[in-house]
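S.K.: Here it is, the structure in full.
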Amino acid sequence: MPESIRDQVLRLLMDNPNASISGSGLASRLHVTRSAVWKAVEGLRKDGFPIEAVTNRGYRLAGESGKISEGGIRAVLQSLSHLTKKENELWIGWDIQVLDSAVSTNSLAKQEAQKGAEHGKVIIAREQLGGRGRSGRTFFSPKDTGLYLSVILRPEYSLEDSFRLTAWAALCVAKAIEHIAEVPEGTVQIKWINDLFLDGKKVCGILTEASMDLEMRRLEYAVIGVGLNLSVPAQGFPPELQGKAISLEEALGKKIPPNTLIAAILTEMENSLAEIPEPGWMEDYRRRSFLTGKEIEILRDGEWCRCSVLDIGMDGKLEILFPDGKKEKLVSAEIRKFDSNR
């Protein structure tokens, strides 16, 4: 999609973080009027971008906006050269829609996919009024303290390959966090199959929903939903999440720029999507698991059953052992209790 004047101004300012660029200089580079540049700057300021205007020197970006915006995400994506190499292809992030509020980004993305939305469209909300987790659970989604995004995918995968989408998405988000936060690989751990943990507490959940062509045994489309705690809401986490949830800011001791993190997640997904059928990446996922070797309880026929986790297979299935010696491989399961001591 073509860049707006506002997005182009933002990209130029981000590409020159330590320099001021005059209004006439921006206008000349973009082949627009100075008035158009001024309107773009005012729009960026309303989006929360701290743009300074210095007399006789021009405009300078003093930092990244803490507010999620399409322009902010696009500016970072443009600096990540992988996207510019695919101008005639659909890549993850080619179409980004940022909403102030939504009931659920996954619900919206599914509606768009059913209407024929193309591969790579991204829907983001600054707040979810009815965020959903697995098994219909509510997902706490307060305004401007979290990252709530959904990506529409239409890869040509078999049903078997599609089972690994959730694990793949969890790994992509984990790696993006570590890259942007500049922390060691493996800092973000994974609780099979869809939760990311920092310091033993949940920081992110992944929800994958898909439509399958059972006759052809192919994936029609998938919607990958990511819900991530950026900071602690002013009122704190609700009672049921206290002691169980954590934010990136809490765990890492610093703020993570949301637009940069979103761009990093989309980039990680774009660069690794084709690798899903060749699950060498599962080794990285398995290394991050902290359920392996632990005692857990799973929901089976309405009852909670104790078992121990043997491993996670290269197919993404959880390999468990019951007290009677019976072994089983799970595609998905409700896990109520696990030993988080490491």
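Chain identifiers are assigned as A, B, and so on, following the order in which chains appear in the structure tokens; residues are numbered from 1 within each chain, and ligands are numbered from 1 in order of appearance.
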According to DSSP computed on the backbone, where in region 82-307 of chain A is there helix (DSSP H, G or I)? Give the residues as a VMD selection string.

M.R.: chain A and resid 84 to 86 105 to 114 134 to 136 159 to 162 165 to 181 239 to 241 248 to 252 258 to 275 279 to 288

S.K.: Considering only C-alpha atoms, tabulate each residue of region 166-197 of chain A that lies at most 12 Å from region 250-255 of chain A along with its nearest interatomic pair and the corresponding distance in Å to one decimal; arrange the rows by chain and ascending residue number and present them as a Markdown table.

M.R.:
```
| residue | atom | partner | partner_atom | distance |
| --- | --- | --- | --- | --- |
| A:Ile177 | CA | A:Leu252 | CA | 10.3 |
| A:Glu178 | CA | A:Leu252 | CA | 10.1 |
| A:Ile180 | CA | A:Lys255 | CA | 10.6 |
| A:Ala181 | CA | A:Leu252 | CA | 7.7 |
| A:Glu182 | CA | A:Leu252 | CA | 9.9 |
| A:Val183 | CA | A:Leu252 | CA | 8.6 |
| A:Pro184 | CA | A:Leu252 | CA | 11.7 |
| A:Thr187 | CA | A:Leu252 | CA | 10.1 |
| A:Val188 | CA | A:Ala251 | CA | 10.2 |
| A:Phe197 | CA | A:Ala251 | CA | 9.8 |
```

S.K.: Nearest to Leu207 (chain A): which of A:Ser247, A:Thr55, A:Gln242, A:Ser150 is it, counting only C-alpha atoms?

M.R.: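 Among A:Ser247, A:Thr55, A:Gln242, A:Ser150, it is A:Ser150 that comes nearest to Leu207 (chain A).
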
S.K.: Residues of region 65-179 of chain A that have any atom at most 12 Å from an atom of region 305-324 of chain A: could you tabulate them with the shortest-distance atom pair and the distance in Å to one decimal, using only C-alpha atoms, ordered by chain and increasing number, as a tab-separated table?

M.R.:
```
residue	atom	partner	partner_atom	distance
A:Glu160	CA	A:Asp315	CA	8.5
A:Asp161	CA	A:Asp315	CA	8.3
A:Ser162	CA	A:Asp315	CA	10.3
A:Phe163	CA	A:Gly316	CA	7.6
A:Arg164	CA	A:Gly316	CA	5.9
A:Leu165	CA	A:Gly316	CA	9.4
A:Thr166	CA	A:Gly316	CA	9.2
A:Ala167	CA	A:Gly316	CA	7.0
A:Trp168	CA	A:Gly316	CA	9.3
A:Ala170	CA	A:Gly316	CA	11.8
A:Leu171	CA	A:Gly316	CA	11.9
```

S.K.: Would you mind exporting all heavy atoms of the selected residues as a PDB file, in the first residue's frame?

M.R.:
```pdb
ATOM      1  N   GLU A 160      -1.701 -31.186   8.884  1.00  0.00           N
ATOM      2  CA  GLU A 160      -0.647 -31.592   9.813  1.00  0.00           C
ATOM      3  C   GLU A 160       0.314 -30.417  10.082  1.00  0.00           C
ATOM      4  O   GLU A 160       0.690 -30.166  11.237  1.00  0.00           O
ATOM      5  CB  GLU A 160       0.119 -32.783   9.256  1.00  0.00           C
ATOM      6  CG  GLU A 160      -0.670 -34.086   9.230  1.00  0.00           C
ATOM      7  CD  GLU A 160      -1.737 -34.132   8.140  1.00  0.00           C
ATOM      8  OE1 GLU A 160      -1.651 -33.302   7.197  1.00  0.00           O
ATOM      9  OE2 GLU A 160      -2.641 -34.969   8.221  1.00  0.00           O
ATOM     10  N   ASP A 161       0.711 -29.720   9.042  1.00  0.00           N
ATOM     11  CA  ASP A 161       1.599 -28.572   9.217  1.00  0.00           C
ATOM     12  C   ASP A 161       0.909 -27.460  10.001  1.00  0.00           C
ATOM     13  O   ASP A 161       1.540 -26.756  10.788  1.00  0.00           O
ATOM     14  CB  ASP A 161       2.052 -28.023   7.859  1.00  0.00           C
ATOM     15  CG  ASP A 161       2.998 -28.966   7.132  1.00  0.00           C
ATOM     16  OD1 ASP A 161       3.640 -29.787   7.813  1.00  0.00           O
ATOM     17  OD2 ASP A 161       3.078 -28.880   5.890  1.00  0.00           O
ATOM     18  N   SER A 162      -0.388 -27.316   9.796  1.00  0.00           N
ATOM     19  CA  SER A 162      -1.135 -26.238  10.436  1.00  0.00           C
ATOM     20  C   SER A 162      -1.183 -26.375  11.947  1.00  0.00           C
ATOM     21  O   SER A 162      -1.345 -25.380  12.665  1.00  0.00           O
ATOM     22  CB  SER A 162      -2.566 -26.187   9.880  1.00  0.00           C
ATOM     23  OG  SER A 162      -2.557 -25.989   8.483  1.00  0.00           O
ATOM     24  N   PHE A 163      -1.035 -27.603  12.455  1.00  0.00           N
ATOM     25  CA  PHE A 163      -1.065 -27.819  13.893  1.00  0.00           C
ATOM     26  C   PHE A 163       0.084 -27.085  14.594  1.00  0.00           C
ATOM     27  O   PHE A 163       0.029 -26.846  15.801  1.00  0.00           O
ATOM     28  CB  PHE A 163      -1.002 -29.312  14.231  1.00  0.00           C
ATOM     29  CG  PHE A 163      -2.265 -30.058  13.896  1.00  0.00           C
ATOM     30  CD1 PHE A 163      -2.220 -31.331  13.361  1.00  0.00           C
ATOM     31  CD2 PHE A 163      -3.508 -29.489  14.130  1.00  0.00           C
ATOM     32  CE1 PHE A 163      -3.378 -32.027  13.049  1.00  0.00           C
ATOM     33  CE2 PHE A 163      -4.677 -30.170  13.830  1.00  0.00           C
ATOM     34  CZ  PHE A 163      -4.611 -31.436  13.284  1.00  0.00           C
ATOM     35  N   ARG A 164       1.136 -26.761  13.851  1.00  0.00           N
ATOM     36  CA  ARG A 164       2.297 -26.125  14.462  1.00  0.00           C
ATOM     37  C   ARG A 164       2.221 -24.590  14.456  1.00  0.00           C
ATOM     38  O   ARG A 164       3.139 -23.925  14.934  1.00  0.00           O
ATOM     39  CB  ARG A 164       3.578 -26.572  13.754  1.00  0.00           C
ATOM     40  CG  ARG A 164       3.957 -28.010  14.035  1.00  0.00           C
ATOM     41  CD  ARG A 164       5.376 -28.311  13.555  1.00  0.00           C
ATOM     42  NE  ARG A 164       5.436 -28.395  12.110  1.00  0.00           N
ATOM     43  CZ  ARG A 164       5.328 -29.519  11.412  1.00  0.00           C
ATOM     44  NH1 ARG A 164       5.143 -30.661  12.030  1.00  0.00           N
ATOM     45  NH2 ARG A 164       5.417 -29.522  10.088  1.00  0.00           N
ATOM     46  N   LEU A 165       1.145 -24.024  13.905  1.00  0.00           N
ATOM     47  CA  LEU A 165       1.058 -22.567  13.769  1.00  0.00           C
ATOM     48  C   LEU A 165       1.141 -21.848  15.114  1.00  0.00           C
ATOM     49  O   LEU A 165       1.802 -20.810  15.237  1.00  0.00           O
ATOM     50  CB  LEU A 165      -0.241 -22.175  13.058  1.00  0.00           C
ATOM     51  CG  LEU A 165      -0.210 -22.215  11.532  1.00  0.00           C
ATOM     52  CD1 LEU A 165      -1.619 -22.034  10.975  1.00  0.00           C
ATOM     53  CD2 LEU A 165       0.724 -21.153  10.979  1.00  0.00           C
ATOM     54  N   THR A 166       0.470 -22.363  16.134  1.00  0.00           N
ATOM     55  CA  THR A 166       0.472 -21.694  17.433  1.00  0.00           C
ATOM     56  C   THR A 166       1.868 -21.693  18.041  1.00  0.00           C
ATOM     57  O   THR A 166       2.333 -20.675  18.553  1.00  0.00           O
ATOM     58  CB  THR A 166      -0.522 -22.352  18.401  1.00  0.00           C
ATOM     59  OG1 THR A 166      -1.826 -22.334  17.813  1.00  0.00           O
ATOM     60  CG2 THR A 166      -0.573 -21.594  19.724  1.00  0.00           C
ATOM     61  N   ALA A 167       2.536 -22.839  17.978  1.00  0.00           N
ATOM     62  CA  ALA A 167       3.901 -22.917  18.514  1.00  0.00           C
ATOM     63  C   ALA A 167       4.826 -21.977  17.751  1.00  0.00           C
ATOM     64  O   ALA A 167       5.659 -21.280  18.347  1.00  0.00           O
ATOM     65  CB  ALA A 167       4.410 -24.357  18.431  1.00  0.00           C
ATOM     66  N   TRP A 168       4.687 -21.953  16.429  1.00  0.00           N
ATOM     67  CA  TRP A 168       5.503 -21.057  15.595  1.00  0.00           C
ATOM     68  C   TRP A 168       5.275 -19.598  15.981  1.00  0.00           C
ATOM     69  O   TRP A 168       6.224 -18.830  16.140  1.00  0.00           O
ATOM     70  CB  TRP A 168       5.160 -21.293  14.128  1.00  0.00           C
ATOM     71  CG  TRP A 168       5.615 -20.211  13.208  1.00  0.00           C
ATOM     72  CD1 TRP A 168       6.870 -20.023  12.704  1.00  0.00           C
ATOM     73  CD2 TRP A 168       4.817 -19.150  12.673  1.00  0.00           C
ATOM     74  NE1 TRP A 168       6.899 -18.906  11.891  1.00  0.00           N
ATOM     75  CE2 TRP A 168       5.655 -18.364  11.851  1.00  0.00           C
ATOM     76  CE3 TRP A 168       3.469 -18.798  12.811  1.00  0.00           C
ATOM     77  CZ2 TRP A 168       5.184 -17.234  11.173  1.00  0.00           C
ATOM     78  CZ3 TRP A 168       2.999 -17.684  12.130  1.00  0.00           C
ATOM     79  CH2 TRP A 168       3.859 -16.917  11.330  1.00  0.00           C
ATOM     80  N   ALA A 170       4.174 -18.377  18.831  1.00  0.00           N
ATOM     81  CA  ALA A 170       4.725 -18.126  20.160  1.00  0.00           C
ATOM     82  C   ALA A 170       6.230 -17.908  20.087  1.00  0.00           C
ATOM     83  O   ALA A 170       6.777 -17.009  20.746  1.00  0.00           O
ATOM     84  CB  ALA A 170       4.402 -19.295  21.093  1.00  0.00           C
ATOM     85  N   LEU A 171       6.911 -18.709  19.282  1.00  0.00           N
ATOM     86  CA  LEU A 171       8.359 -18.556  19.138  1.00  0.00           C
ATOM     87  C   LEU A 171       8.700 -17.225  18.467  1.00  0.00           C
ATOM     88  O   LEU A 171       9.653 -16.552  18.870  1.00  0.00           O
ATOM     89  CB  LEU A 171       8.930 -19.719  18.327  1.00  0.00           C
ATOM     90  CG  LEU A 171      10.441 -19.712  18.115  1.00  0.00           C
ATOM     91  CD1 LEU A 171      11.182 -19.753  19.451  1.00  0.00           C
ATOM     92  CD2 LEU A 171      10.863 -20.895  17.242  1.00  0.00           C
TER      93      LEU A 171
END
```

S.K.: Pick from A:Ile256, A:Ile123, A:Ala176, A:Val41: nearest to Asn271 (chain A), with only C-alpha atoms counted?

M.R.: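 Closest residue, counting only C-alpha atoms: A:Ala176.
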
S.K.: What's the separation between CA of Leu261 (chain A) and CA of Ala19 (chain A), in Å to one decimal place?

M.R.: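 CA of Ala19 (chain A) lies at a distance of 23.7 Å from CA of Leu261 (chain A).
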
S.K.: Kindly give the distance, in Å, that separates CA of Asp95 (chain A) and CA of Ala169 (chain A), rounded to a single decimal.

M.R.: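 Distance reported for this atom pair: 18.9 Å.
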
S.K.: Please indicate the distance in Å from CA of Lys294 (chain A) to CA of Ile276 (chain A), rounded to one decimal place.

M.R.: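 That distance, rounded to one decimal, is 27.1 Å.
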
S.K.: Which parts of region 40-239 of chain A does DSSP call strand (DSSP E) when run on the backbone here, written out as JSON, numbers by chain?

M.R.: {"A": [51, 52, 53, 54, 58, 59, 60, 61, 95, 96, 97, 98, 99, 121, 122, 123, 124, 125, 146, 147, 148, 149, 150, 151, 152, 153, 189, 190, 191, 195, 196, 197, 198, 201, 202, 203, 204, 205, 206, 207, 208, 209, 210, 211, 212, 213, 218, 219, 220, 221, 222, 223, 224, 225, 226, 227, 228, 229]}

S.K.: I want to know what sits within 9 Å of Lys67 (chain A), based on only C-alpha atoms, with residues of the same chain fewer than 2 positions away left out; could you give that as a list in words?

M.R.: Asp47, Gly48, Phe49, Glu64, Ser65, Ser69, Gly72, Arg126, Asp144, Pro257, Pro258 and Asn259 of chain A

S.K.: Using only C-alpha atoms, can you tell me which of A:Val223, A:Gly23, A:Ile246, A:Trp192 comes closest to Glu112 (chain A)?

M.R.: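 Between A:Val223, A:Gly23, A:Ile246, A:Trp192, the residue approaching Glu112 (chain A) most closely is A:Val223.
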
S.K.: Using only C-alpha atoms, which of the listed residues (A:Phe290, A:Ala264, A:Pro277, A:Ile296) sits closest to Leu198 (chain A)?

M.R.: A:Phe290

S.K.: Would you pick out the contacts of Glu70 (chain A) at 7 Å or less, using only C-alpha atoms, so that residues sharing its chain but fewer than 3 positions from it are not included, and give the list as number ranges by chain?

M.R.: A: 73-74, 96-98

S.K.: I'd like the contact shell of Glu52 (chain A) - 9 Å cut-off, only C-alpha atoms, skipping same-chain residues fewer than 5 positions apart - returned as an NGL selection string.

M.R.: :A and (20 or 58-62)

S.K.: Taking N, CA and C atoms for each residue, export the selection above as a PDB file, in the first residue's frame.

M.R.:
```pdb
ATOM      1  N   SER A  20      18.011  17.471  12.658  1.00  0.00           N
ATOM      2  CA  SER A  20      16.792  18.223  12.383  1.00  0.00           C
ATOM      3  C   SER A  20      16.683  18.414  10.878  1.00  0.00           C
ATOM      4  N   GLY A  58      14.575  23.178  11.969  1.00  0.00           N
ATOM      5  CA  GLY A  58      13.580  22.264  11.440  1.00  0.00           C
ATOM      6  C   GLY A  58      13.021  21.309  12.475  1.00  0.00           C
ATOM      7  N   TYR A  59      12.571  20.161  12.010  1.00  0.00           N
ATOM      8  CA  TYR A  59      11.891  19.183  12.862  1.00  0.00           C
ATOM      9  C   TYR A  59      12.840  18.047  13.261  1.00  0.00           C
ATOM     10  N   ARG A  60      12.629  17.568  14.493  1.00  0.00           N
ATOM     11  CA  ARG A  60      13.427  16.442  14.987  1.00  0.00           C
ATOM     12  C   ARG A  60      12.549  15.542  15.830  1.00  0.00           C
ATOM     13  N   LEU A  61      12.708  14.243  15.634  1.00  0.00           N
ATOM     14  CA  LEU A  61      11.959  13.275  16.430  1.00  0.00           C
ATOM     15  C   LEU A  61      12.726  13.010  17.717  1.00  0.00           C
ATOM     16  N   ALA A  62      12.110  13.394  18.853  1.00  0.00           N
ATOM     17  CA  ALA A  62      12.802  13.301  20.141  1.00  0.00           C
ATOM     18  C   ALA A  62      12.666  11.935  20.799  1.00  0.00           C
TER      19      ALA A  62
END
```

S.K.: Mind checking which residues fall within 6 Å of region 226-235 of chain A, counting only C-alpha atoms, ignoring those fewer than 6 positions away in the same chain, and posting them as a PyMOL selection string?

M.R.: chain A and resi 145-149+203-206+247-249

S.K.: Restricting the calculation to only C-alpha atoms, which member of A:Thr208, A:Leu291, A:Thr260, A:Asn194 is positioned closest to Gly66 (chain A)?

M.R.: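 Answer, going by the shortest atom-to-atom distance: A:Thr260.
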
S.K.: I'd like the neighbourhood of Val9 (chain A) as a PDB file with C-alpha atoms, in the first residue's frame, where a residue qualifies if any of its atoms comes within 12 Å (using only C-alpha atoms), though same-chain residues fewer than 2 positions away should be ignored.

M.R.:
```pdb
ATOM      1  CA  GLU A   3       2.658   5.527   2.073  1.00  0.00           C
ATOM      2  CA  SER A   4       0.745   8.612   3.178  1.00  0.00           C
ATOM      3  CA  ILE A   5       2.590  11.926   3.470  1.00  0.00           C
ATOM      4  CA  ARG A   6       2.435  11.559   7.244  1.00  0.00           C
ATOM      5  CA  ASP A   7       4.041   8.110   7.098  1.00  0.00           C
ATOM      6  CA  ARG A  11      10.032   7.600   8.214  1.00  0.00           C
ATOM      7  CA  LEU A  12      12.418  10.416   7.263  1.00  0.00           C
ATOM      8  CA  LEU A  13      12.538  11.669  10.846  1.00  0.00           C
ATOM      9  CA  MET A  14      13.120   8.146  12.171  1.00  0.00           C
ATOM     10  CA  ASP A  15      15.868   7.558   9.623  1.00  0.00           C
ATOM     11  CA  ASN A  16      17.643  10.699  10.921  1.00  0.00           C
ATOM     12  CA  ILE A  21      15.229  18.480   8.947  1.00  0.00           C
ATOM     13  CA  SER A  22      13.679  21.728   7.805  1.00  0.00           C
ATOM     14  CA  GLY A  23      10.099  21.906   6.603  1.00  0.00           C
ATOM     15  CA  SER A  24      11.312  22.972   3.179  1.00  0.00           C
ATOM     16  CA  GLY A  25      13.794  20.090   3.151  1.00  0.00           C
ATOM     17  CA  LEU A  26      11.064  17.573   3.941  1.00  0.00           C
ATOM     18  CA  ALA A  27       8.781  19.144   1.330  1.00  0.00           C
ATOM     19  CA  SER A  28      11.506  18.985  -1.294  1.00  0.00           C
ATOM     20  CA  ARG A  29      12.347  15.329  -0.595  1.00  0.00           C
ATOM     21  CA  LEU A  30       8.696  14.277  -0.681  1.00  0.00           C
ATOM     22  CA  HIS A  31       7.673  16.586  -3.547  1.00  0.00           C
ATOM     23  CA  VAL A  32       4.852  18.151  -1.538  1.00  0.00           C
ATOM     24  CA  ARG A  34       5.393  22.891   3.207  1.00  0.00           C
ATOM     25  CA  ALA A  36       1.337  19.422   3.655  1.00  0.00           C
ATOM     26  CA  VAL A  37       4.439  18.757   5.779  1.00  0.00           C
ATOM     27  CA  TRP A  38       3.098  20.930   8.602  1.00  0.00           C
ATOM     28  CA  LYS A  39      -0.252  19.072   8.559  1.00  0.00           C
ATOM     29  CA  ALA A  40       1.607  15.747   8.626  1.00  0.00           C
ATOM     30  CA  VAL A  41       3.696  16.828  11.606  1.00  0.00           C
ATOM     31  CA  GLU A  42       0.607  18.014  13.503  1.00  0.00           C
ATOM     32  CA  GLY A  43      -1.083  14.685  12.806  1.00  0.00           C
ATOM     33  CA  LEU A  44       1.937  12.792  14.100  1.00  0.00           C
ATOM     34  CA  ARG A  45       1.982  14.883  17.247  1.00  0.00           C
ATOM     35  CA  PHE A  49       5.061  11.304  18.470  1.00  0.00           C
ATOM     36  CA  ILE A  51       8.401  15.947  17.316  1.00  0.00           C
ATOM     37  CA  TYR A  59      11.891  19.183  12.862  1.00  0.00           C
ATOM     38  CA  ARG A  60      13.427  16.442  14.987  1.00  0.00           C
ATOM     39  CA  LEU A  61      11.959  13.275  16.430  1.00  0.00           C
ATOM     40  CA  GLY A  71       2.417   5.243  10.802  1.00  0.00           C
ATOM     41  CA  GLY A  72       4.764   4.306  13.625  1.00  0.00           C
ATOM     42  CA  ARG A  74       5.150   1.325   8.998  1.00  0.00           C
ATOM     43  CA  ALA A  75       8.089   3.620   9.645  1.00  0.00           C
TER      44      ALA A  75
END
```

S.K.: For a quick check of understanding, using only C-alpha atoms, which of A:Gln8, A:Leu159, A:Asn18, A:Val103 has the smallest distance to Glu215 (chain A)?

M.R.: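 Among A:Gln8, A:Leu159, A:Asn18, A:Val103, it is A:Leu159 that comes nearest to Glu215 (chain A).
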